[in-house]
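Working notes, structure below.
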Amino acid sequence: MKRVRTALKKAGIALLYLAVWQLLSLAKGNEFLLPSPVSTLKSLVSLMGTATFYWSVGMSLARVAGGFLLGTIFGTLLGLLTGFSKTAGELLSPLKGILKATPVASFIILVLLWLNKSVAPLVAMFVMVTPLIWASVDAGVRAADKNLLETARLFKLSRRKTLLHIYLPSLLPQYLAACTTALGFAWKAGVAAEIIAQPAQSIGRGLYESKIYIETPELFAWTLVVILLSMAFEKLVAALLGRIRA
Amino acid sequence: MILLHDVSCAYDGKAVLQNLNLAFPQIGAVALTGPSGTGKTTLLKLLAGLITPVSGHVEGLNGKRVSMVFQEDRLLPWRTALENVALFCGDERLARETLVRLELSDALDKRPSELSGGMKRRVALARALCYGGDILLLDEPFKGLDDALKIRVAKQVKGAFPLTVLATHDMAEAGLLGAVQRVEL
């Protein structure tokens, strides 16, 4: 019963947003500037009738997965390194600063010059995800309970067990939060990079083309696709990580 | 014999022990007493090898296996009582037995957050007993236990290690562990 009620509540909220959207688009009265939910849905359906749509979505998904995974792996390794070693922390601190402050677009353009357009989005996501994960692991390692670590030292707990039973559980909550945030950023950075780099099959290219042909409903449809995929992906990752936690 | 020669220790840049000369026997029980802030905990940590003196030196600890109940319980919040003990002593059967001896058979599969203060204290004691060794260091080990339980638990601790060093405010506790030597700090 409670589940039905929450579902109804969620549906109600969604309908409210749709109604506001519909009203705004009616008020604007111009499908080029603000298409209505109905025309967006129509474009989406017609997009879904083409093979290109599935290729684009599939390739973009693969890139996001790759960029996110790569960034997470590197971020985790760097975080462990700088969390445990003061020297490494000092040595790598400028790199962290650069990664954090450089506009993603600069990286994309550089990669376009150096490599090719298919990898550029991957690099953009990597650049986005790495510092986020890095910072969370680094902080998590430092925040591990000093008393517990001293206890581990007294009882001569092995390095492996100390890492597994003290460091890991204490950094896990913020690590999971960072992963979820990083995933959202990966999508945004990835699609932005696809728009700049325009690899053959990509959501970014779809977005770019709808801009060229002033197909605003299509632009909205693609955006909707990104939002839905991003939400689904986040749920999936949260479920996977939640299993690790249990 | 464990000998402290002219030992001085600092904690957070503040001198805690100054030019201390002490002797501990190989076998027996020693009570460290004195008001808070006189360095009982620091002295225990020194004997545990967790801190090094600023000056002076400690003799006779080489090759000794040291177990300890800290002032805080220091249990892993994400592990059950049994796991907390077994992880550190490496023997699940012994861990279970020790917890049962300390009247914690109902708490084996509970996490620290589900245990009362006195139960957590006993888990910390069980961990130290299960780990075993030559020297047992106890920092206010009976905190949160009522008098009757204190007596029963003390029986399990008394004589479990060749040497027991106990920091306490309460001379009655020292008596329960059979401490004959008393060091006033």
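Ordered as shown in the structure tokens, chains take letters A, B, and onward, while each chain numbers its residues from 1 and ligands are numbered from 1 in the order shown.
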
Review point. Using only C-alpha atoms, which residues sit within 7 Å of Ser39 (chain A) once same-chain residues fewer than 4 positions away are excluded, as a list in words?
Key: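 Result of the neighbour search: Pro35, Ser43 and Pro217 of chain A.
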
Export, as a compact mmCIF listing (two decimals), in the first residue's frame, the selected residues with C-alpha atoms.
# COMPACT_ATOMS: atom_id res chain seq x y z
CA PRO A 35 8.81 22.69 -27.83
CA SER A 43 10.55 13.43 -32.04
CA PRO A 217 12.06 19.13 -30.39

**Study point:** 7 Å contacts from chain A to chain B using only C-alpha atoms, as number ranges by chain
**Key:** A: 147-148, 155, 157

Exercise for review: Please measure the separation of CA of Ser93 (chain A) and CA of Trp134 (chain A), giving the value in Å to one decimal.
Suggested key: 11.1 Å

Exercise for review: Find the residues around region 125-130 of chain A up to 12 Å (only C-alpha atoms counted), leave out those fewer than 3 positions away in its own chain, and share them as a PyMOL selection string.
Suggested key: chain A and resi 60+63-79+95-108+111+119-122+133-138+178-194

Exercise for review: Name all residues at most 10 Å from region 155-171 of chain B (count only C-alpha atoms; drop same-chain ones fewer than 2 positions away) and give them as JSON, numbers by chain.
Suggested key: {"B": [24, 25, 26, 27, 28, 29, 30, 31, 32, 33, 34, 35, 36, 39, 40, 41, 43, 44, 47, 66, 67, 68, 69, 71, 98, 101, 102, 125, 126, 128, 129, 132, 133, 134, 135, 136, 137, 138, 139, 140, 141, 142, 143, 149, 150, 151, 152, 153, 173, 174, 175, 176, 177, 178, 179, 181, 182, 183]}

**Study point:** Counting only C-alpha atoms, the option among A:Leu47, A:Leu15, A:Leu112, A:Leu26 closest to Trp222 (chain A)
**Key:**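 For Trp222 (chain A), the nearest of the candidates is A:Leu47.
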
Exercise for review: Using backbone DSSP assignments, extract all strand (DSSP E or B) residues from region 28-60 of chain B; output them as a ChimeraX atom specification.
Suggested key: /B:28-33,55-59
